[in-house]
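This is input_36.cif. It holds mmCIF, C-alpha atoms and all ligand atoms.
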data_run
#
loop_
_atom_site.label_atom_id
_atom_site.label_comp_id
_atom_site.auth_asym_id
_atom_site.auth_seq_id
_atom_site.Cartn_x
_atom_site.Cartn_y
_atom_site.Cartn_z
CA MET A 8 92.43 95.40 95.57
CA SER A 9 92.06 94.73 99.28
CA THR A 10 89.00 92.89 100.49
CA ARG A 11 87.52 93.02 103.96
CA PRO A 12 88.04 89.94 106.15
CA ARG A 13 85.24 87.48 105.64
CA ALA A 14 84.81 84.01 107.14
CA ALA A 15 84.56 81.36 104.47
CA ARG A 16 82.01 79.48 106.56
CA MET A 17 79.44 82.19 105.87
CA LYS A 18 79.19 80.93 102.29
CA ASN A 19 77.48 77.86 103.71
CA ILE A 20 74.95 79.62 105.93
CA GLU A 21 71.70 80.47 104.18
CA PRO A 22 68.92 82.77 105.30
CA PHE A 23 65.34 81.58 105.68
CA HIS A 24 64.02 82.02 102.15
CA VAL A 25 60.51 82.50 103.46
CA MET A 26 61.65 85.74 105.11
CA ASP A 27 61.74 87.40 101.67
CA LEU A 28 58.20 86.28 101.06
CA LEU A 29 57.15 87.51 104.48
CA ALA A 30 58.78 90.90 103.84
CA GLN A 31 56.85 91.23 100.58
CA ALA A 32 53.64 90.19 102.31
CA ARG A 33 54.21 92.81 105.02
CA ALA A 34 54.83 95.46 102.35
CA LEU A 35 51.57 94.52 100.63
CA GLU A 36 49.77 94.61 103.99
CA ALA A 37 51.15 98.12 104.57
CA GLN A 38 49.44 99.08 101.31
CA GLY A 39 46.14 97.75 102.67
CA ARG A 40 46.15 94.21 101.20
CA SER A 41 44.87 91.44 103.44
CA MET A 42 47.09 88.40 103.96
CA VAL A 43 46.40 85.04 105.53
CA HIS A 44 49.61 83.92 107.20
CA MET A 45 50.24 80.19 107.03
CA GLU A 46 54.02 80.45 106.98
CA ILE A 47 54.76 81.35 110.57
CA GLY A 48 56.54 78.72 112.68
CA GLU A 49 55.44 79.92 116.10
CA PRO A 50 52.21 79.72 118.05
CA ASP A 51 49.87 82.68 117.57
CA PHE A 52 48.98 82.46 121.28
CA VAL A 53 50.78 84.78 123.68
CA THR A 54 52.66 83.41 126.68
CA PRO A 55 50.20 82.05 129.30
CA GLU A 56 49.36 84.62 131.96
CA PRO A 57 50.79 82.74 134.98
CA VAL A 58 54.12 82.57 133.14
CA VAL A 59 54.05 86.29 132.28
CA ASP A 60 53.18 87.06 135.92
CA ALA A 61 56.11 84.96 137.14
CA GLY A 62 58.44 86.81 134.74
CA ILE A 63 57.21 90.20 135.95
CA ALA A 64 57.52 89.13 139.60
CA ALA A 65 61.10 87.97 138.92
CA LEU A 66 62.01 91.32 137.41
CA GLN A 67 60.35 93.26 140.21
CA SER A 68 62.11 91.29 142.89
CA GLY A 69 65.52 91.92 141.43
CA LYS A 70 66.08 88.58 139.66
CA THR A 71 68.15 90.36 137.05
CA HIS A 72 71.61 88.87 137.53
CA TYR A 73 73.30 85.94 135.81
CA THR A 74 72.35 82.44 136.83
CA PRO A 75 74.81 79.51 136.67
CA ALA A 76 75.67 78.78 133.01
CA VAL A 77 73.76 75.48 133.11
CA GLY A 78 70.69 77.24 134.49
CA LEU A 79 68.88 77.83 137.77
CA GLN A 80 69.07 74.73 139.92
CA ALA A 81 65.33 74.98 140.68
CA LEU A 82 64.49 74.96 136.97
CA ARG A 83 66.82 72.06 136.23
CA GLU A 84 65.12 70.10 138.99
CA ARG A 85 61.67 71.08 137.76
CA ILE A 86 62.51 69.95 134.22
CA SER A 87 63.85 66.68 135.63
CA ARG A 88 60.51 66.17 137.46
CA PHE A 89 58.63 66.97 134.26
CA TYR A 90 60.20 63.88 132.65
CA LEU A 91 59.04 61.77 135.57
CA ASP A 92 55.51 63.24 135.61
CA ARG A 93 54.94 63.23 131.86
CA TYR A 94 56.90 60.22 130.64
CA GLY A 95 57.66 58.19 133.76
CA VAL A 96 61.38 58.57 133.01
CA GLU A 97 63.99 59.43 135.63
CA VAL A 98 66.44 62.10 134.52
CA ASP A 99 69.09 63.36 136.91
CA ALA A 100 68.80 67.15 137.20
CA GLY A 101 72.57 67.29 136.80
CA ARG A 102 72.10 66.31 133.14
CA VAL A 103 69.69 69.18 132.43
CA ILE A 104 71.28 72.25 130.84
CA VAL A 105 69.08 75.32 130.38
CA THR A 106 69.88 77.17 127.16
CA PRO A 107 68.80 80.20 125.08
CA GLY A 108 66.13 78.24 123.22
CA ALA A 109 66.53 74.91 121.47
CA SER A 110 68.77 76.92 119.13
CA GLY A 111 71.28 77.45 121.94
CA ALA A 112 71.01 73.77 122.86
CA LEU A 113 71.72 72.63 119.28
CA GLN A 114 74.79 74.85 119.10
CA LEU A 115 76.15 73.60 122.43
CA VAL A 116 75.63 69.94 121.55
CA LEU A 117 77.18 70.14 118.10
CA SER A 118 80.09 72.21 119.41
CA VAL A 119 81.07 69.57 121.96
CA ILE A 120 80.88 66.59 119.59
CA VAL A 121 81.86 67.66 116.06
CA ASN A 122 85.40 68.30 114.81
CA PRO A 123 86.07 70.09 111.52
CA GLY A 124 85.40 67.76 108.60
CA GLN A 125 83.32 65.28 110.61
CA GLN A 126 79.91 64.32 109.33
CA VAL A 127 76.48 64.60 110.89
CA LEU A 128 73.53 62.75 109.36
CA MET A 129 70.09 64.35 109.14
CA SER A 130 66.89 64.08 107.15
CA ASP A 131 65.97 66.03 104.06
CA PRO A 132 63.48 67.67 104.34
CA GLY A 133 64.40 68.86 107.82
CA TYR A 134 64.82 71.88 110.07
CA PRO A 135 67.16 74.12 108.03
CA CYS A 136 69.22 75.45 110.95
CA ASN A 137 70.56 71.97 111.68
CA ARG A 138 72.61 72.03 108.48
CA HIS A 139 73.84 75.51 109.28
CA PHE A 140 74.77 74.73 112.88
CA VAL A 141 76.87 71.80 111.67
CA ARG A 142 78.58 74.07 109.14
CA LEU A 143 79.18 76.67 111.84
CA VAL A 144 81.35 74.15 113.71
CA GLU A 145 82.97 73.28 110.37
CA GLY A 146 81.39 69.85 110.24
CA VAL A 147 79.75 68.39 107.16
CA PRO A 148 75.97 67.99 107.19
CA VAL A 149 74.98 64.85 105.30
CA THR A 150 71.35 65.10 104.34
CA LEU A 151 69.51 61.88 103.56
CA PRO A 152 66.23 62.01 101.64
CA VAL A 153 63.12 60.87 103.50
CA ASP A 154 59.59 60.52 102.26
CA ALA A 155 56.10 59.50 103.25
CA GLY A 156 56.97 55.79 102.94
CA ASN A 157 58.95 56.07 106.19
CA ASP A 158 56.85 58.83 107.77
CA TYR A 159 59.52 61.29 106.62
CA HIS A 160 62.08 59.88 109.06
CA LEU A 161 65.49 58.31 108.74
CA THR A 162 65.52 54.55 109.11
CA ALA A 163 68.19 52.50 110.86
CA ASP A 164 69.21 51.06 107.47
CA GLN A 165 69.66 54.51 105.98
CA VAL A 166 71.80 55.54 108.94
CA ALA A 167 73.87 52.34 108.77
CA ASP A 168 74.40 52.70 105.00
CA ALA A 169 75.39 56.35 105.23
CA TRP A 170 77.69 55.96 108.27
CA GLN A 171 81.36 56.45 107.44
CA ALA A 172 84.58 56.73 109.39
CA ALA A 173 84.10 60.50 109.57
CA THR A 174 80.49 60.29 110.81
CA VAL A 175 79.96 61.23 114.44
CA ALA A 176 76.27 61.87 114.94
CA VAL A 177 72.73 61.69 113.65
CA MET A 178 70.12 64.39 114.23
CA LEU A 179 66.45 63.47 114.53
CA ALA A 180 63.35 65.49 115.35
CA SER A 181 60.02 64.14 116.54
CA PRO A 182 57.54 65.54 115.67
CA ALA A 183 59.55 67.00 112.82
CA ASN A 184 59.58 70.35 111.11
CA PRO A 185 58.34 70.65 108.31
CA THR A 186 56.36 67.39 108.25
CA GLY A 187 54.78 67.18 111.72
CA MET A 188 55.58 63.45 111.73
CA LEU A 189 56.57 61.43 114.80
CA ILE A 190 59.36 58.88 114.66
CA PRO A 191 57.85 55.48 115.40
CA ASP A 192 59.33 54.14 118.67
CA LYS A 193 60.66 51.06 116.88
CA THR A 194 62.53 53.18 114.34
CA LEU A 195 63.91 55.43 117.05
CA LYS A 196 65.17 52.47 119.06
CA SER A 197 66.83 50.88 116.04
CA VAL A 198 68.52 54.13 115.00
CA ILE A 199 69.81 54.52 118.57
CA ASP A 200 71.18 50.93 118.43
CA VAL A 201 72.87 51.43 115.06
CA VAL A 202 74.56 54.62 116.27
CA ALA A 203 75.57 53.06 119.61
CA GLN A 204 77.26 50.18 117.75
CA ARG A 205 79.33 52.80 115.91
CA ASN A 206 80.09 54.76 119.05
CA GLY A 207 78.38 57.88 117.68
CA CYS A 208 75.91 60.35 119.16
CA VAL A 209 72.15 60.65 118.68
CA ILE A 210 70.56 64.08 119.00
CA VAL A 211 66.79 64.08 119.24
CA ASP A 212 64.95 67.39 118.96
CA GLU A 213 61.69 67.08 120.89
CA ILE A 214 60.73 70.75 120.65
CA TYR A 215 57.24 69.89 119.33
CA HIS A 216 56.64 67.10 121.81
CA GLY A 217 53.88 68.88 123.71
CA LEU A 218 52.00 69.37 120.46
CA VAL A 219 51.00 65.83 119.53
CA TYR A 220 47.37 65.19 118.71
CA ASP A 221 46.47 61.53 118.52
CA ASP A 222 48.51 59.00 120.44
CA ALA A 223 50.65 59.48 123.52
CA VAL A 224 54.27 60.17 122.73
CA GLN A 225 57.37 58.86 124.49
CA THR A 226 60.67 60.70 124.93
CA ALA A 227 63.81 59.19 123.43
CA LEU A 228 65.17 59.13 126.99
CA ALA A 229 62.80 56.23 127.68
CA PHE A 230 64.83 54.14 125.22
CA SER A 231 68.34 55.26 126.08
CA ASP A 232 70.19 57.44 128.57
CA ASP A 233 72.93 57.90 126.06
CA VAL A 234 71.21 60.42 123.76
CA PHE A 235 71.05 64.19 123.68
CA VAL A 236 67.42 65.27 123.99
CA ILE A 237 66.63 68.85 123.11
CA ASN A 238 63.47 70.69 124.06
CA SER A 239 62.32 74.24 124.48
CA PHE A 240 59.83 76.54 126.14
CA SER A 241 59.14 78.08 122.72
CA LYS A 242 56.40 76.04 121.06
CA TYR A 243 54.17 74.07 123.45
CA PHE A 244 54.83 76.50 126.32
CA GLY A 245 54.32 79.57 124.12
CA MET A 246 57.53 81.43 125.04
CA THR A 247 59.27 81.89 121.67
CA GLY A 248 60.40 85.44 122.35
CA TRP A 249 61.76 84.72 125.82
CA ARG A 250 64.54 82.56 124.33
CA ILE A 251 64.68 79.63 126.66
CA GLY A 252 65.05 75.90 126.13
CA TRP A 253 66.99 72.95 127.47
CA VAL A 254 68.99 69.86 126.67
CA ILE A 255 69.41 66.60 128.54
CA ALA A 256 72.97 65.46 127.90
CA PRO A 257 74.78 62.19 128.59
CA PRO A 258 76.72 62.86 131.84
CA GLU A 259 80.15 62.68 130.18
CA TYR A 260 79.36 65.79 128.12
CA VAL A 261 77.89 68.01 130.84
CA ARG A 262 81.17 69.53 131.98
CA ASP A 263 82.16 70.51 128.42
CA MET A 264 78.75 71.98 127.76
CA ASP A 265 78.89 73.92 131.02
CA LYS A 266 82.32 75.34 130.04
CA LEU A 267 81.11 76.29 126.60
CA ALA A 268 77.85 77.82 127.87
CA GLN A 269 79.92 79.94 130.30
CA ASN A 270 81.89 81.23 127.35
CA ILE A 271 79.30 81.76 124.67
CA PHE A 272 76.07 82.62 126.51
CA LEU A 273 77.10 83.06 130.18
CA ALA A 274 73.57 81.82 130.87
CA ALA A 275 70.02 81.84 129.52
CA SER A 276 67.91 84.88 130.37
CA THR A 277 67.31 85.02 134.13
CA PRO A 278 63.74 86.42 134.14
CA ALA A 279 62.85 83.89 131.43
CA GLN A 280 64.12 81.09 133.65
CA TYR A 281 62.01 82.24 136.59
CA ALA A 282 59.02 82.61 134.29
CA ALA A 283 59.62 79.12 132.88
CA LEU A 284 59.27 77.66 136.37
CA ALA A 285 55.59 78.63 136.18
CA CYS A 286 55.15 76.56 133.00
CA PHE A 287 54.85 73.42 135.08
CA GLU A 288 52.11 74.74 137.39
CA LYS A 289 48.75 73.01 137.05
CA GLU A 290 47.06 76.25 136.02
CA THR A 291 49.53 76.81 133.14
CA LEU A 292 49.42 73.21 131.97
CA ALA A 293 45.61 73.46 131.80
CA ILE A 294 45.92 76.49 129.49
CA LEU A 295 48.51 74.72 127.35
CA GLU A 296 46.38 71.62 127.00
CA GLN A 297 43.43 73.77 125.85
CA ARG A 298 45.71 75.29 123.24
CA ARG A 299 46.86 71.90 122.13
CA GLU A 300 43.21 71.01 121.56
CA VAL A 301 42.80 74.17 119.44
CA PHE A 302 45.81 73.20 117.32
CA LYS A 303 44.33 69.73 116.88
CA GLN A 304 41.01 71.24 115.70
CA ARG A 305 42.91 73.39 113.23
CA ARG A 306 44.84 70.41 111.89
CA ASP A 307 41.63 68.39 111.63
CA PHE A 308 40.10 71.21 109.59
CA LEU A 309 43.06 72.11 107.40
CA LEU A 310 44.38 68.68 106.48
CA PRO A 311 41.23 67.33 104.72
CA GLN A 312 40.69 70.70 103.06
CA LEU A 313 44.18 70.72 101.58
CA ARG A 314 43.73 67.14 100.41
CA ARG A 315 40.35 68.04 98.88
CA LEU A 316 41.97 70.89 96.97
CA GLY A 317 44.49 68.48 95.46
CA PHE A 318 47.57 68.84 97.67
CA ASP A 319 49.37 65.56 98.16
CA ILE A 320 49.65 64.78 101.89
CA PRO A 321 50.01 61.00 101.95
CA VAL A 322 50.45 60.59 105.72
CA THR A 323 48.66 62.40 108.54
CA PRO A 324 50.92 64.79 110.45
CA GLN A 325 50.62 63.77 114.10
CA GLY A 326 52.09 66.85 115.72
CA ALA A 327 53.74 70.30 115.59
CA PHE A 328 51.62 72.77 113.58
CA TYR A 329 52.61 71.97 110.03
CA CYS A 330 51.28 70.19 106.97
CA TYR A 331 53.97 69.40 104.41
CA ALA A 332 52.17 69.17 101.13
CA GLY A 333 53.04 68.08 97.62
CA CYS A 334 51.97 70.79 95.18
CA GLN A 335 52.93 68.90 92.00
CA SER A 336 49.33 68.94 90.72
CA PHE A 337 49.58 72.72 90.52
CA SER A 338 53.23 73.54 90.02
CA LYS A 339 56.72 72.11 89.72
CA ASP A 340 58.15 75.36 91.04
CA SER A 341 57.04 75.71 94.66
CA ASP A 342 58.87 79.01 95.05
CA ARG A 343 56.98 80.60 92.21
CA PHE A 344 53.76 78.93 93.35
CA ALA A 345 54.16 80.48 96.83
CA ARG A 346 54.98 83.89 95.37
CA GLU A 347 51.97 83.87 93.05
CA LEU A 348 49.72 82.59 95.80
CA MET A 349 50.78 85.49 97.98
CA GLN A 350 50.51 88.15 95.30
CA GLU A 351 47.32 86.99 93.65
CA ALA A 352 45.41 85.38 96.51
CA GLY A 353 46.90 86.87 99.68
CA VAL A 354 47.93 83.56 101.28
CA VAL A 355 51.47 83.17 102.59
CA ILE A 356 53.05 79.70 102.80
CA THR A 357 56.62 78.40 102.94
CA PRO A 358 58.14 76.86 99.79
CA GLY A 359 60.04 73.59 100.15
CA LEU A 360 63.41 75.19 99.45
CA ASP A 361 63.84 76.15 103.10
CA PHE A 362 63.86 72.50 104.20
CA GLY A 363 66.44 70.93 101.94
CA SER A 364 67.21 69.82 98.45
CA TYR A 365 65.09 66.69 98.14
CA GLN A 366 62.05 67.56 96.00
CA PRO A 367 61.72 71.11 97.36
CA GLN A 368 60.25 72.29 94.06
CA THR A 369 57.14 70.19 94.50
CA HIS A 370 56.53 70.81 98.20
CA VAL A 371 55.25 73.60 100.39
CA ARG A 372 54.64 73.89 104.12
CA PHE A 373 51.38 75.15 105.61
CA ALA A 374 51.47 76.26 109.26
CA TYR A 375 48.23 76.35 111.24
CA THR A 376 49.48 79.02 113.59
CA THR A 377 46.56 81.31 112.94
CA ALA A 378 42.91 81.40 114.06
CA MET A 379 40.34 79.04 112.55
CA GLU A 380 38.57 81.90 110.74
CA GLN A 381 41.85 82.78 109.07
CA LEU A 382 42.41 79.18 108.05
CA GLU A 383 38.88 79.06 106.61
CA GLU A 384 39.54 82.25 104.70
CA GLY A 385 42.89 80.86 103.53
CA VAL A 386 41.20 77.74 102.17
CA ARG A 387 38.57 79.88 100.36
CA ARG A 388 41.35 81.95 98.77
CA LEU A 389 43.36 78.87 97.84
CA GLU A 390 40.33 77.29 96.22
CA ALA A 391 39.62 80.40 94.16
CA PHE A 392 43.30 80.72 93.20
CA LEU A 393 43.61 77.08 92.12
CA ALA A 394 40.40 77.26 90.11
C1 LIG A 401 62.72 71.62 114.86
C2 LIG A 401 63.09 72.90 115.53
N1 LIG A 401 64.12 72.89 116.41
C3 LIG A 401 64.52 74.04 117.02
C4 LIG A 401 63.88 75.23 116.79
C5 LIG A 401 64.40 76.47 117.50
O1 LIG A 401 63.53 76.84 118.53
P1 LIG A 401 63.89 77.79 119.75
O2 LIG A 401 65.27 78.23 119.62
O3 LIG A 401 62.90 78.91 119.69
O4 LIG A 401 63.67 76.95 120.99
C6 LIG A 401 62.79 75.29 115.91
C7 LIG A 401 62.11 76.56 115.60
O5 LIG A 401 61.31 76.69 114.70
C8 LIG A 401 62.39 74.08 115.25
O6 LIG A 401 61.37 74.06 114.38
#
Go through the file and emit its structure as C-alpha cells.
Ligand SMILES: Cc1ncc(COP(=O)(O)O)c(C=O)c1O
Amino acid sequence: MSTRPRAARMKNIEPFHVMDLLAQARALEAQGRSMVHMEIGEPDFVTPEPVVDAGIAALQSGKTHYTPAVGLQALRERISRFYLDRYGVEVDAGRVIVTPGASGALQLVLSVIVNPGQQVLMSDPGYPCNRHFVRLVEGVPVTLPVDAGNDYHLTADQVADAWQAATVAVMLASPANPTGMLIPDKTLKSVIDVVAQRNGCVIVDEIYHGLVYDDAVQTALAFSDDVFVINSFSKYFGMTGWRIGWVIAPPEYVRDMDKLAQNIFLAASTPAQYAALACFEKETLAILEQRREVFKQRRDFLLPQLRRLGFDIPVTPQGAFYCYAGCQSFSKDSDRFARELMQEAGVVITPGLDFGSYQPQTHVRFAYTTAMEQLEEGVRRLEAFLA
C-alpha cells in the first residue's frame, strides 16, 4: 500500500492542547452559554490608536512593498534607541533584525545555530513552541525541570550539569510563560558565564519585558553583548495580529540571519513595521503604561483570590499576564479539571500539559487577559465549582 510523503519531524510537533478546550468553549458559547476566558495568551486591548493610525497612513501612502529582510533601517535604529532610553544599554542598530513576531525570531536564531542532533537546553515548564522550533531544525530539546524554589528558572548549576558535547545553546525567558517569573539578574549572569565557558549560545526571550509590575527589569544585553535577545511588538505593544517582533543578535550571526530571513520570510510585514515605529512615541508609551497598570491591578486581584481558593502559587509572578497554579488540592488530572471547569462552571483555563512534562497534571495556567469584571465573575464561578 502506498503512503503519501510525510516528514518524520511532524511526529514531534504538537498542537496547543488548549485549542481543543477553546473550540469546545466557543461551541458552548454559540449555544448561548457564558464563558469566562482565562486561557488566552494575548492582551485583550486592541492596538493603541497612534499605532493603528501609523499603519493606515503607511498603507495609504503606498508603503506596501518589501523592506530589507532585516527590517526598515528607521525601525532598527528606533529599536536600538529604545534600549538606550529604557535600559541605558547601547545596541548597534546593525545587530537588530526585525522579524515576523518573536516566533520568526526564534526560528531564525535556532536555524543559524543548531545542527541536526545537537541539543538545546530549556526549562520545563516553558513556552511550548521552543521545543517544537528546536525539533523543526532537527535538534534535540532537552527540558530541565524547574520549580518555585528557583523562581521557575534554570540555574547555572543545572545548565552546567546538563551540558554535553552535543549541547549548543540554552533558551531562557524572562518574564516566563507560563509562570510570569523573572530570572534574577545574578542567575542570568551566571548562566551566561557557564554557557560562555562552553562556547555555546544563550537565547533570552524578553517578549514580556514591558509587562513587569514591581521592580525595574534589566535586559540581558546589559550583562553581555554575546547573547541573542528576542522581543516582540505583540504583548506589551498590543500588536499580536500584526506579526512583528525583533531579535538582537551577536554581530557574527547577523549575516547568516539576514540570508535566512531573505529566503524564508523575505521581510516582516511592511505596514506593520511602519506602524511599529509609532510604538515608541510618547503618546503611545503613555497608553501602554496605563495598560500595564491595569494588568498589575488584575494580577493583584487574581493572585490572592486564587490562593484563597486553595491553588498553590508559592511565588508571586512578577510579570507577563499569567499565574501558574498548583491544582493538586482539587485534582491530580489538570486536563480533566480544566475540562470540567469549563463544562460545569464556564471558566476556561490552560492545563499544564501545554508547557511540558514536569508535573503538568497538577498545574494549570490562569491568564488575566480579560476585564476585571470578568475576572471577578471567574473567581465567583471557581469558588462555586470548587465548593
Ligand atoms: C514566551 C513567548 N515567546 C514568544 C511568543 C510568540 O510571540 P509572537 O510571535 O506573537 O511575537 C509567545 C507567545 O505567546 C510567548 O509566550
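The coordinates place atom CA of Gly217 of chain A at 22.4 Å from atom CA of Leu79 of chain A.
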Could you please extract the residues within 7 Å of ligand LIG 401 (chain A), counting all atoms listed in the file, and hand them back as a VMD selection string?
chain A and resid 48 to 49 107 to 111 134 180 183 to 184 212 214 238 to 241 247 250 to 252
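Here atom CA of Thr74 of chain A and atom CA of Ala274 of chain A stand 6.1 Å from one another.
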Using all atoms listed in the file: which of A:Phe308, A:Phe272, A:Tyr73, A:Phe244 has the shortest distance to Ile294 of chain A:
A:Phe244
For Leu360 of chain A, the nearest of the candidates A:Gly326, A:Pro148, A:Pro257, A:Gly133, counting all atoms listed in the file:
A:Gly133
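The interatomic distance for the pair atom CA of Ile199 of chain A and atom CA of Arg142 of chain A works out to 23.4 Å.
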So which one's closest to Gln312 of chain A, A:Gly385, A:Gly78, A:Pro57, A:Pro191? Using all atoms listed in the file, please.
A:Gly385
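The residue that comes closest to Ala275 of chain A, out of A:Val98, A:Val103, A:Trp253, A:Ala176 and on the basis of all atoms listed in the file, is A:Trp253.
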Extract, using only C-alpha atoms, all DNA, RNA and protein residues at most 10 Å from Pro75 of chain A, discarding same-chain residues fewer than 5 positions from it, and format them as a PDB file with C-alpha atoms, in the coordinates of the input.
ATOM      1  CA  GLN A  80      69.070  74.730 139.920  1.00  0.00           C
ATOM      2  CA  ILE A 104      71.280  72.250 130.840  1.00  0.00           C
ATOM      3  CA  VAL A 105      69.080  75.320 130.380  1.00  0.00           C
ATOM      4  CA  ASP A 265      78.890  73.920 131.020  1.00  0.00           C
ATOM      5  CA  ALA A 268      77.850  77.820 127.870  1.00  0.00           C
ATOM      6  CA  GLN A 269      79.920  79.940 130.300  1.00  0.00           C
ATOM      7  CA  LEU A 273      77.100  83.060 130.180  1.00  0.00           C
ATOM      8  CA  ALA A 274      73.570  81.820 130.870  1.00  0.00           C
ATOM      9  CA  ALA A 275      70.020  81.840 129.520  1.00  0.00           C
ATOM     10  CA  THR A 277      67.310  85.020 134.130  1.00  0.00           C
TER      11      THR A 277
END
Residues within 10 Å of (39.4, 77.9, 109.7), file coords, only C-alpha atoms, listed as a count of residues only
19
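Counting all atoms listed in the file, Leu189 of chain A has the following residues at most 10 Å away, ignoring those fewer than 2 positions along the same chain: Asp158, Tyr159, His160, Ala180, Ser181, Pro182, Ala183, Thr186, Gly187, Pro191, Asp192, Leu195, Glu213, Tyr215, His216, Val219, Val224, Pro324, Gln325, Gly326 and Ala327 of chain A.
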Could you dump the residues just selected with C-alpha atoms as a short mmCIF file (atom, residue, chain, number, x, y, z; two decimals), in the coordinates of the input?
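Final file, selection17.cif:
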data_model
loop_
_atom_site.label_atom_id
_atom_site.label_comp_id
_atom_site.auth_asym_id
_atom_site.auth_seq_id
_atom_site.Cartn_x
_atom_site.Cartn_y
_atom_site.Cartn_z
CA ASP A 158 56.85 58.83 107.77
CA TYR A 159 59.52 61.29 106.62
CA HIS A 160 62.08 59.88 109.06
CA ALA A 180 63.35 65.49 115.35
CA SER A 181 60.02 64.14 116.54
CA PRO A 182 57.54 65.54 115.67
CA ALA A 183 59.55 67.00 112.82
CA THR A 186 56.36 67.39 108.25
CA GLY A 187 54.78 67.18 111.72
CA PRO A 191 57.85 55.48 115.40
CA ASP A 192 59.33 54.14 118.67
CA LEU A 195 63.91 55.43 117.05
CA GLU A 213 61.69 67.08 120.89
CA TYR A 215 57.24 69.89 119.33
CA HIS A 216 56.64 67.10 121.81
CA VAL A 219 51.00 65.83 119.53
CA VAL A 224 54.27 60.17 122.73
CA PRO A 324 50.92 64.79 110.45
CA GLN A 325 50.62 63.77 114.10
CA GLY A 326 52.09 66.85 115.72
CA ALA A 327 53.74 70.30 115.59
#
